[in-house]
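Visitor: File name run.cif; file contents mmCIF, C-alpha atoms; full text below.
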data_entry
#
loop_
_atom_site.label_atom_id
_atom_site.label_comp_id
_atom_site.auth_asym_id
_atom_site.auth_seq_id
_atom_site.Cartn_x
_atom_site.Cartn_y
_atom_site.Cartn_z
CA MET I 1 3.81 -28.80 -11.43
CA LEU I 2 2.55 -25.25 -10.86
CA MET I 3 0.49 -23.49 -13.50
CA THR I 4 -1.87 -20.57 -13.85
CA LEU I 5 -5.45 -21.48 -14.63
CA GLY I 6 -6.94 -19.78 -17.67
CA THR I 7 -10.24 -17.91 -17.69
CA PRO I 8 -12.65 -19.44 -18.26
CA PRO I 9 -11.42 -22.85 -17.14
CA SER I 10 -12.64 -26.06 -18.74
CA GLU I 11 -15.20 -28.30 -17.06
CA ALA I 12 -12.43 -30.75 -16.18
CA GLU I 13 -10.32 -28.00 -14.63
CA THR I 14 -13.30 -26.78 -12.62
CA ASP I 15 -14.00 -30.31 -11.38
CA ALA I 16 -10.35 -30.83 -10.40
CA TRP I 17 -10.34 -27.51 -8.50
CA HIS I 18 -13.60 -28.29 -6.72
CA ASP I 19 -12.34 -31.74 -5.69
CA VAL I 20 -9.52 -30.04 -3.72
CA ILE I 21 -11.87 -27.51 -2.10
CA ALA I 22 -14.38 -30.23 -1.13
CA ALA I 23 -11.75 -32.63 0.27
CA ALA I 24 -10.11 -29.91 2.35
CA HIS I 25 -13.47 -28.71 3.64
CA LEU I 26 -14.31 -32.17 4.97
CA GLN I 27 -10.93 -32.32 6.72
CA ASP I 28 -10.65 -28.79 8.08
CA VAL I 29 -14.12 -27.38 8.79
CA PRO I 30 -16.65 -28.57 11.40
CA ALA I 31 -19.14 -31.10 10.06
CA SER I 32 -21.99 -28.68 10.78
CA VAL I 33 -20.75 -26.33 8.02
CA PRO I 34 -22.21 -27.36 4.62
CA GLU I 35 -19.75 -28.22 1.87
CA PRO I 36 -19.32 -25.54 -0.82
CA GLY I 37 -21.24 -26.31 -3.99
CA ARG I 38 -19.73 -26.71 -7.44
CA THR I 39 -21.80 -23.77 -8.72
CA GLU I 40 -20.02 -21.51 -6.23
CA THR I 41 -16.61 -22.88 -7.24
CA ALA I 42 -17.32 -22.50 -10.96
CA GLY I 43 -18.65 -18.98 -10.50
CA LYS I 44 -15.52 -17.81 -8.71
CA LEU I 45 -13.27 -19.31 -11.39
CA ARG I 46 -15.21 -18.10 -14.42
CA VAL I 47 -16.39 -14.64 -13.43
CA GLN I 48 -13.77 -12.04 -12.60
CA SER I 49 -14.22 -9.57 -9.77
CA PRO I 50 -15.03 -6.07 -11.10
CA ASN I 51 -12.58 -4.49 -8.65
CA ALA I 52 -9.63 -6.89 -8.72
CA ARG I 53 -7.40 -8.87 -11.05
CA MET I 54 -7.75 -12.52 -10.06
CA VAL I 55 -4.89 -15.00 -10.30
CA HIS I 56 -5.80 -18.70 -10.06
CA LEU I 57 -2.88 -21.08 -9.43
CA VAL I 58 -2.88 -24.88 -9.31
CA SER I 59 -0.41 -27.55 -8.35
CA SER I 60 -1.16 -30.47 -10.64
CA ALA I 61 -0.47 -34.17 -10.05
CA PRO I 62 0.77 -36.61 -12.74
CA ASP I 63 -2.72 -38.05 -13.20
CA GLY I 64 -4.18 -34.62 -14.04
CA SER I 65 -5.81 -34.03 -10.66
CA TYR I 66 -4.82 -31.08 -8.48
CA ASP I 67 -2.90 -31.36 -5.23
CA GLY I 68 -3.46 -27.70 -4.33
CA VAL I 69 -5.12 -24.49 -5.52
CA ALA I 70 -4.80 -20.79 -4.74
CA THR I 71 -6.63 -17.59 -5.71
CA LEU I 72 -5.16 -14.11 -5.25
CA LEU I 73 -7.14 -10.89 -5.67
CA LEU I 74 -5.00 -7.93 -6.74
CA PHE I 75 -7.21 -4.90 -6.18
CA THR I 76 -7.44 -2.59 -9.18
CA GLU I 77 -8.96 0.44 -7.46
CA GLU I 78 -6.37 3.10 -6.73
CA SER I 79 -7.21 3.25 -3.02
CA ASN I 80 -6.23 -0.42 -2.54
CA ARG I 81 -3.43 -0.93 -5.04
CA HIS I 82 -1.03 -1.20 -2.09
CA THR I 83 -2.56 -4.45 -0.84
CA ALA I 84 -4.21 -7.72 -1.94
CA PHE I 85 -6.43 -10.51 -0.65
CA LEU I 86 -5.59 -14.23 -0.64
CA ASP I 87 -9.02 -15.72 -1.27
CA ALA I 88 -7.81 -19.34 -1.13
CA LEU I 89 -4.70 -21.42 -0.61
CA VAL I 90 -5.88 -24.99 -0.19
CA VAL I 91 -4.00 -28.30 -0.32
CA ARG I 92 -5.68 -31.68 -0.63
CA PRO I 93 -5.30 -33.45 2.75
CA GLU I 94 -3.35 -36.44 1.39
CA ALA I 95 -0.92 -34.11 -0.43
CA ARG I 96 0.04 -32.05 2.63
CA ARG I 97 3.57 -31.86 4.04
CA ARG I 98 5.02 -32.40 0.58
CA GLY I 99 5.84 -28.80 -0.21
CA VAL I 100 2.67 -28.11 -2.23
CA GLY I 101 1.49 -25.26 -0.02
CA ALA I 102 4.98 -23.76 0.14
CA ALA I 103 5.24 -23.82 -3.67
CA LEU I 104 1.86 -22.13 -4.07
CA TRP I 105 2.77 -19.51 -1.48
CA GLY I 106 6.05 -18.86 -3.26
CA ALA I 107 4.19 -18.22 -6.50
CA ILE I 108 1.69 -15.97 -4.72
CA ARG I 109 4.49 -14.02 -3.06
CA ALA I 110 6.16 -13.54 -6.45
CA GLU I 111 2.89 -12.16 -7.88
CA LEU I 112 2.60 -9.75 -4.97
CA ALA I 113 6.15 -8.52 -5.34
CA ALA I 114 5.88 -8.15 -9.12
CA ASP I 115 2.72 -6.11 -8.72
CA GLY I 116 4.22 -3.86 -6.04
CA ARG I 117 1.90 -4.88 -3.21
CA GLY I 118 2.96 -4.01 0.31
CA SER I 119 0.71 -6.45 2.15
CA VAL I 120 -1.74 -9.32 1.73
CA SER I 121 -4.62 -10.43 3.96
CA THR I 122 -6.72 -13.56 4.19
CA MET I 123 -9.61 -14.93 6.26
CA LEU I 124 -8.86 -18.11 8.23
CA GLU I 125 -10.40 -20.45 10.77
CA VAL I 126 -8.71 -19.94 14.14
CA GLY I 127 -6.90 -23.08 15.22
CA GLY I 128 -7.23 -24.68 11.79
CA ALA I 129 -4.81 -25.92 9.17
CA GLY I 130 -4.68 -22.50 7.49
CA GLU I 131 -3.58 -20.69 10.62
CA ALA I 132 -0.94 -23.35 11.27
CA PHE I 133 0.37 -22.93 7.69
CA VAL I 134 0.70 -19.13 7.80
CA ASP I 135 2.11 -19.06 11.32
CA GLY I 136 5.71 -18.97 10.07
CA LEU I 137 5.08 -16.73 7.07
CA GLY I 138 4.81 -13.38 8.82
CA PHE I 139 1.02 -13.30 9.11
CA ALA I 140 -0.66 -11.85 12.20
CA LYS I 141 -4.33 -11.78 13.18
CA VAL I 142 -5.43 -8.17 12.76
CA LEU I 143 -9.20 -8.57 13.11
CA PRO I 144 -10.70 -11.27 15.36
CA LEU I 145 -14.05 -12.56 14.07
CA THR I 146 -16.56 -15.18 15.07
CA TRP I 147 -18.99 -17.12 12.90
CA TYR I 148 -22.60 -17.25 14.16
CA VAL I 149 -25.53 -19.34 12.90
CA GLN I 150 -29.28 -18.80 13.03
CA ARG I 151 -31.77 -21.65 12.49
CA VAL I 152 -34.24 -20.27 9.94
CA ARG I 153 -37.40 -22.20 10.82
CA GLU I 154 -36.87 -22.02 14.58
CA ALA I 155 -36.21 -18.29 14.53
CA ASP I 156 -39.06 -17.53 12.11
CA ALA I 157 -41.49 -19.37 14.36
CA ALA I 158 -40.20 -17.97 17.65
CA LEU I 159 -39.62 -14.31 16.82
CA PRO I 160 -42.52 -11.85 16.62
CA GLU I 161 -43.21 -10.08 13.35
CA PRO I 162 -41.14 -6.90 13.13
CA ARG I 163 -42.88 -3.60 13.79
CA LEU I 164 -41.55 -0.30 12.55
CA PRO I 165 -42.04 3.16 14.06
CA ASP I 166 -44.39 5.54 12.30
CA GLY I 167 -42.93 6.96 9.11
CA TYR I 168 -41.02 3.83 8.13
CA ARG I 169 -41.84 0.90 5.86
CA PHE I 170 -40.13 -2.19 4.41
CA ALA I 171 -39.19 -2.76 0.77
CA ASP I 172 -37.54 -5.79 -0.84
CA TRP I 173 -35.88 -6.82 -4.08
CA ASP I 174 -33.82 -9.61 -5.64
CA GLY I 175 -30.54 -8.94 -7.38
CA VAL I 176 -29.74 -5.44 -8.59
CA VAL I 177 -31.17 -2.45 -6.72
CA PRO I 178 -34.06 -0.63 -8.48
CA ASP I 179 -32.84 2.45 -10.30
CA ALA I 180 -34.95 4.79 -8.16
CA LEU I 181 -33.11 3.65 -5.01
CA ALA I 182 -29.61 3.14 -6.40
CA ASP I 183 -28.10 6.41 -5.16
CA GLU I 184 -29.75 6.05 -1.75
CA PHE I 185 -28.54 2.46 -1.49
CA ALA I 186 -24.99 3.55 -2.26
CA ARG I 187 -25.20 6.23 0.44
CA ALA I 188 -26.35 3.62 2.96
CA HIS I 189 -23.49 1.30 1.93
CA ASP I 190 -21.01 4.04 2.66
CA VAL I 191 -21.96 3.76 6.34
CA MET I 192 -19.94 0.53 6.42
CA ARG I 193 -16.84 2.70 6.42
CA ASP I 194 -17.30 3.09 10.19
CA ALA I 195 -17.42 -0.69 10.83
CA PRO I 196 -14.54 -2.17 12.89
CA GLY I 197 -11.61 -2.89 10.59
CA GLY I 198 -8.84 -3.75 13.00
CA GLY I 199 -5.43 -3.28 11.43
CA VAL I 200 -6.42 -4.42 7.93
CA ASP I 201 -4.63 -2.43 5.22
CA GLU I 202 -7.51 -2.79 2.75
CA LEU I 203 -9.55 0.41 2.74
CA THR I 204 -13.33 0.39 2.57
CA PRO I 205 -14.17 1.90 -0.82
CA ARG I 206 -16.50 4.74 -1.57
CA TRP I 207 -19.79 3.38 -2.85
CA ASP I 208 -21.73 4.81 -5.76
CA ALA I 209 -24.72 3.52 -7.71
CA GLU I 210 -22.63 1.64 -10.25
CA ARG I 211 -20.62 -0.09 -7.55
CA VAL I 212 -23.70 -1.43 -5.75
CA ARG I 213 -25.10 -2.59 -9.09
CA GLY I 214 -21.82 -4.29 -9.92
CA ALA I 215 -21.71 -6.12 -6.59
CA ALA I 216 -25.21 -7.49 -7.17
CA ARG I 217 -24.45 -8.49 -10.76
CA LEU I 218 -21.38 -10.39 -9.57
CA VAL I 219 -23.50 -12.59 -7.28
CA ASP I 220 -25.95 -13.24 -10.13
CA ASP I 221 -23.26 -13.88 -12.76
CA ARG I 222 -21.61 -16.43 -10.49
CA GLY I 223 -24.87 -18.36 -10.17
CA GLY I 224 -25.96 -17.10 -6.76
CA ILE I 225 -29.03 -15.35 -5.36
CA LEU I 226 -29.00 -11.99 -3.57
CA LEU I 227 -31.95 -10.94 -1.39
CA THR I 228 -32.20 -7.41 -0.02
CA SER I 229 -34.60 -5.82 2.46
CA VAL I 230 -34.56 -2.13 3.33
CA VAL I 231 -36.35 0.20 5.70
CA LEU I 232 -37.55 3.31 3.90
CA ALA I 233 -38.11 6.55 5.79
CA GLU I 234 -40.55 9.28 4.87
CA ASN I 235 -38.92 12.64 4.26
CA GLU I 236 -40.33 15.69 5.96
CA GLY I 237 -42.05 17.91 3.45
CA GLY I 238 -42.59 15.04 1.02
CA GLY I 239 -40.20 13.99 -1.69
CA ALA I 240 -38.46 10.69 -2.25
CA GLU I 241 -38.05 8.30 0.66
CA SER I 242 -34.59 7.64 2.04
CA ILE I 243 -33.04 4.33 3.05
CA ALA I 244 -32.75 4.17 6.82
CA ALA I 245 -31.49 0.58 7.08
CA TYR I 246 -30.83 -2.46 4.93
CA SER I 247 -29.85 -6.11 5.18
CA GLU I 248 -28.60 -8.54 2.51
CA LEU I 249 -28.56 -12.35 2.27
CA VAL I 250 -26.75 -14.41 -0.36
CA LEU I 251 -27.11 -17.98 -1.54
CA ARG I 252 -23.85 -18.55 -3.38
CA ASP I 253 -25.33 -21.74 -4.79
CA PRO I 254 -29.14 -22.08 -5.16
CA SER I 255 -28.89 -25.64 -3.83
CA HIS I 256 -27.28 -24.55 -0.57
CA THR I 257 -29.10 -25.13 2.73
CA ARG I 258 -27.16 -22.31 4.41
CA ALA I 259 -27.43 -18.66 3.38
CA LEU I 260 -24.73 -16.12 4.06
CA GLN I 261 -25.58 -12.84 5.77
CA TYR I 262 -23.90 -9.95 4.02
CA ASP I 263 -24.15 -6.40 5.38
CA THR I 264 -26.72 -5.14 7.83
CA VAL I 265 -26.54 -1.36 8.22
CA VAL I 266 -28.51 1.35 9.96
CA VAL I 267 -27.84 4.89 8.75
CA PRO I 268 -26.58 6.98 11.71
CA GLU I 269 -29.47 9.45 11.86
CA HIS I 270 -31.94 6.55 12.21
CA ARG I 271 -30.15 4.56 14.91
CA GLY I 272 -31.68 3.85 18.30
CA ARG I 273 -35.08 2.83 16.87
CA GLY I 274 -34.53 -0.93 16.54
CA LEU I 275 -34.30 -0.80 12.75
CA GLY I 276 -31.33 -3.17 12.50
CA ARG I 277 -33.13 -5.93 14.33
CA ALA I 278 -36.37 -5.22 12.46
CA VAL I 279 -34.88 -5.37 8.97
CA LYS I 280 -32.99 -8.58 9.72
CA ARG I 281 -36.14 -10.18 11.14
CA HIS I 282 -38.11 -9.07 8.07
CA LEU I 283 -35.52 -10.56 5.70
CA LEU I 284 -35.53 -13.80 7.70
CA GLY I 285 -39.26 -14.15 7.03
CA THR I 286 -38.79 -13.43 3.34
CA LEU I 287 -36.10 -16.09 3.09
CA ALA I 288 -38.21 -18.68 4.94
CA GLU I 289 -41.15 -18.06 2.62
CA ARG I 290 -39.33 -17.91 -0.70
CA HIS I 291 -36.51 -20.39 -0.16
CA PRO I 292 -37.90 -23.09 2.17
CA GLY I 293 -34.92 -25.37 1.54
CA VAL I 294 -32.58 -23.00 3.39
CA ARG I 295 -32.19 -24.18 6.97
CA GLU I 296 -29.59 -21.77 8.37
CA ILE I 297 -28.10 -18.32 8.02
CA SER I 298 -24.44 -17.81 8.89
CA THR I 299 -22.63 -14.56 9.49
CA SER I 300 -19.20 -13.44 10.64
CA VAL I 301 -19.01 -10.51 13.05
CA ALA I 302 -15.96 -8.68 14.37
CA ASP I 303 -15.51 -9.46 18.04
CA ASP I 304 -15.54 -5.73 18.91
CA ASN I 305 -18.73 -4.94 16.95
CA ALA I 306 -20.93 -4.81 20.05
CA PRO I 307 -24.06 -3.31 18.40
CA MET I 308 -24.31 -6.08 15.77
CA LEU I 309 -23.50 -8.78 18.30
CA ALA I 310 -26.42 -7.54 20.41
CA VAL I 311 -28.79 -7.55 17.42
CA ASN I 312 -27.77 -11.08 16.45
CA ALA I 313 -28.13 -12.37 20.00
CA ALA I 314 -31.68 -11.00 20.14
CA LEU I 315 -32.47 -12.83 16.88
CA GLY I 316 -31.24 -16.20 18.11
CA TYR I 317 -27.85 -16.46 16.47
CA ARG I 318 -25.54 -18.91 18.23
CA ARG I 319 -21.75 -18.90 18.23
CA GLU I 320 -20.30 -21.51 15.89
CA ARG I 321 -16.52 -21.07 15.48
CA PRO I 322 -13.77 -18.46 15.74
CA ALA I 323 -12.06 -16.93 12.71
CA GLY I 324 -10.03 -13.88 11.85
CA ILE I 325 -8.49 -11.70 9.19
CA PHE I 326 -4.76 -12.40 9.07
CA GLN I 327 -2.34 -10.08 7.33
CA ALA I 328 1.30 -10.16 6.27
CA LYS I 329 3.51 -7.25 5.35
CA LEU I 330 5.68 -8.15 2.38
CA GLN I 331 8.83 -6.99 4.15
CA ALA I 332 8.05 -9.37 7.02
CA VAL I 333 7.33 -12.17 4.55
CA SER I 334 10.55 -11.65 2.61
CA ASP I 335 12.59 -12.12 5.78
CA THR I 336 11.25 -15.62 6.48
#
What's the structure tokens form of this structure?

Guide:
Amino acid sequence: MLMTLGTPPSEAETDAWHDVIAAAHLQDVPASVPEPGRTETAGKLRVQSPNARMVHLVSSAPDGSYDGVATLLLFTEESNRHTAFLDALVVRPEARRRGVGAALWGAIRAELAADGRGSVSTMLEVGGAGEAFVDGLGFAKVLPLTWYVQRVREADAALPEPRLPDGYRFADWDGVVPDALADEFARAHDVMRDAPGGGVDELTPRWDAERVRGAARLVDDRGGILLTSVVLAENEGGGAESIAAYSELVLRDPSHTRALQYDTVVVPEHRGRGLGRAVKRHLLGTLAERHPGVREISTSVADDNAPMLAVNAALGYRRERPAGIFQAKLQAVSDT
């Protein structure tokens, strides 16, 4: 039976959802990738995205457990109301090939059509069960990615302390950006608009101070930890410093042994000075000192993002597994 999960879900509903996610992870993802924690699962189910309407669907079994789950993000910002993101469509391994995934996809497709969306994208492991499932549904890989992993202790011990050119210094914070840097931080985030996007219909939004605050609050409200390091540049003639580069790390669950690298950005006028590598190395040291239980950092990088691939290689990241953003146009889907 298909049903829409309410918000917030009960503890039993959260447990049933997490059981599906955990079982599928063990089946579909390499053993080296840590299992998602229940805190992360509960956070996603209980705290809505500030920029999307979230639809949580479940396929329930007679005993009250779930055979499959799905989450769809319907963007609410005007610039992306034409598209959506399928955050999850997961079927318990023993319930596969029984029509559970097809039923969930049918419900998702109906939501997309009812909301007037022209396309939907999702992130999948290449060669995995997800790619095999969407292969006949009109999805195509529009942005090839690869996951990379850095060993925290090994890298922290092997890499020299970062040195900045004259006129630059590091600054750090947890969670929400300090008010004095909020506008500068938003300006630096806007640089991500020039990152490789392949053929993805979703547009990179304009960032302002409230948006960067909201993104940080979302991590915190969902039970995670956000660490940020920036490189500040002196301004000629005095005045407030500007943000020349930044890097962010997230622990979606404080008990996790693997952190997730979010953005690393160097503002164009400060490129060519090694600031990207320096700020990532600085944040690595902060993580090792403050969260000694974290053993690895993982990051996904577009295969054509040569500058970031070079930075990561210099910092000891190793290739782990291929992935990609897959996208379906609704017209193509409706013809299948």

Visitor: For Gly316 of chain I, work out the shell of residues within 7 Å, counting all atoms listed in the file and skipping chain neighbours fewer than 4 positions away, then give it as a list of chain:residue names.

Guide: I:Gln150, I:Ala155, I:Asn312

Visitor: Going by the chain IDs and residue numbers used in this file, which residues fall under the PyMOL selection byres ((chain I and resi 72) around 10)? Write them as a PyMOL selection string.

Guide: chain I and resi 52-57+70-71+73-75+84-89+108-109+111-112+120-122

Visitor: Work out how far atom CA of Val231 of chain I is from atom CA of Val279 of chain I, in Å to one decimal.

Guide: 6.6 Å

Visitor: Quick one: residues within 10 Å of Arg153 of chain I, all atoms listed in the file counted, chain neighbours fewer than 6 positions away excluded, as a list in words?

Guide: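 The residues that qualify are Leu284, Gly285, Leu287, Ala288, Glu289, Pro292, Val294, Arg295 and Glu296 of chain I.
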
Visitor: If you apply the PyMOL selection byres ((chain I and resi 270-275) around 8) to this file, what residues do you get, as a PyMOL selection string?

Guide: chain I and resi 164-165+231+244-245+266-269+276-279

Visitor: Please produce a file of the residues just selected, as a CSV table (one decimal), keeping the file's coordinate frame, where the atoms kept are C-alpha atoms.

Guide:
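What ended up in part.csv:
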chain,number,residue,atom,x,y,z
I,164,LEU,CA,-41.6,-0.3,12.6
I,165,PRO,CA,-42.0,3.2,14.1
I,231,VAL,CA,-36.4,0.2,5.7
I,244,ALA,CA,-32.8,4.2,6.8
I,245,ALA,CA,-31.5,0.6,7.1
I,266,VAL,CA,-28.5,1.4,10.0
I,267,VAL,CA,-27.8,4.9,8.8
I,268,PRO,CA,-26.6,7.0,11.7
I,269,GLU,CA,-29.5,9.4,11.9
I,276,GLY,CA,-31.3,-3.2,12.5
I,277,ARG,CA,-33.1,-5.9,14.3
I,278,ALA,CA,-36.4,-5.2,12.5
I,279,VAL,CA,-34.9,-5.4,9.0

Visitor: Env of Trp173 of chain I: 9 Å cut, atoms = all atoms listed in the file, seq-sep filter 3 positions within chain, self excluded. Answer as a PyMOL selection string.

Guide: chain I and resi 176-178+226-230

Visitor: Can you pull out every residue within 9 Å of Tyr148 of chain I, counting only C-alpha atoms, but drop anything in the same chain fewer than 4 positions away, and send it as a PyMOL selection string?

Guide: chain I and resi 297-301+312+317-321

Visitor: Evaluating the PyMOL selection byres ((chain I and resi 208) around 12) on the displayed file yields which residues, as a compact mmCIF listing (two decimals) with C-alpha atoms, in the coordinates of the input?

Guide:
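Produced file selection.txt, reproduced below:
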# COMPACT_ATOMS: atom_id res chain seq x y z
CA VAL I 177 -31.17 -2.45 -6.72
CA LEU I 181 -33.11 3.65 -5.01
CA ALA I 182 -29.61 3.14 -6.40
CA ASP I 183 -28.10 6.41 -5.16
CA GLU I 184 -29.75 6.05 -1.75
CA PHE I 185 -28.54 2.46 -1.49
CA ALA I 186 -24.99 3.55 -2.26
CA ARG I 187 -25.20 6.23 0.44
CA ALA I 188 -26.35 3.62 2.96
CA HIS I 189 -23.49 1.30 1.93
CA ASP I 190 -21.01 4.04 2.66
CA PRO I 205 -14.17 1.90 -0.82
CA ARG I 206 -16.50 4.74 -1.57
CA TRP I 207 -19.79 3.38 -2.85
CA ALA I 209 -24.72 3.52 -7.71
CA GLU I 210 -22.63 1.64 -10.25
CA ARG I 211 -20.62 -0.09 -7.55
CA VAL I 212 -23.70 -1.43 -5.75
CA ARG I 213 -25.10 -2.59 -9.09
CA GLY I 214 -21.82 -4.29 -9.92
CA ALA I 215 -21.71 -6.12 -6.59

Visitor: For a test of reading the model, state the distance in Å between atom CA of Leu145 of chain I and atom CA of Ala302 of chain I, rounded to one decimal.

Guide: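 These atoms are spaced 4.3 Å apart.
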
Visitor: Using only C-alpha atoms for the distances, tell me which of I:Pro144, I:Ser59, I:His82, I:Arg163 is nearest to Asp115 of chain I.

Guide: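 Once distances to Asp115 of chain I are computed over only C-alpha atoms, the minimum belongs to I:His82.
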
Visitor: Find the residues of segment 170-233 of chain I that sit at most 10 Å from segment 39-50 of chain I; for each, write down the nearest two atoms and how far apart they are in Å, to one decimal. Count only C-alpha atoms. Sort by chain, then by number going up, and give it as JSON lines.

Guide:
{"residue": "I:Arg211", "atom": "CA", "partner": "I:Pro50", "partner_atom": "CA", "distance": 8.9}
{"residue": "I:Gly214", "atom": "CA", "partner": "I:Pro50", "partner_atom": "CA", "distance": 7.1}
{"residue": "I:Ala215", "atom": "CA", "partner": "I:Pro50", "partner_atom": "CA", "distance": 8.1}
{"residue": "I:Arg217", "atom": "CA", "partner": "I:Pro50", "partner_atom": "CA", "distance": 9.7}
{"residue": "I:Leu218", "atom": "CA", "partner": "I:Ser49", "partner_atom": "CA", "distance": 7.2}
{"residue": "I:Val219", "atom": "CA", "partner": "I:Gly43", "partner_atom": "CA", "distance": 8.6}
{"residue": "I:Asp220", "atom": "CA", "partner": "I:Gly43", "partner_atom": "CA", "distance": 9.3}
{"residue": "I:Asp221", "atom": "CA", "partner": "I:Val47", "partner_atom": "CA", "distance": 6.9}
{"residue": "I:Arg222", "atom": "CA", "partner": "I:Gly43", "partner_atom": "CA", "distance": 3.9}
{"residue": "I:Gly223", "atom": "CA", "partner": "I:Gly43", "partner_atom": "CA", "distance": 6.3}
{"residue": "I:Gly224", "atom": "CA", "partner": "I:Glu40", "partner_atom": "CA", "distance": 7.4}
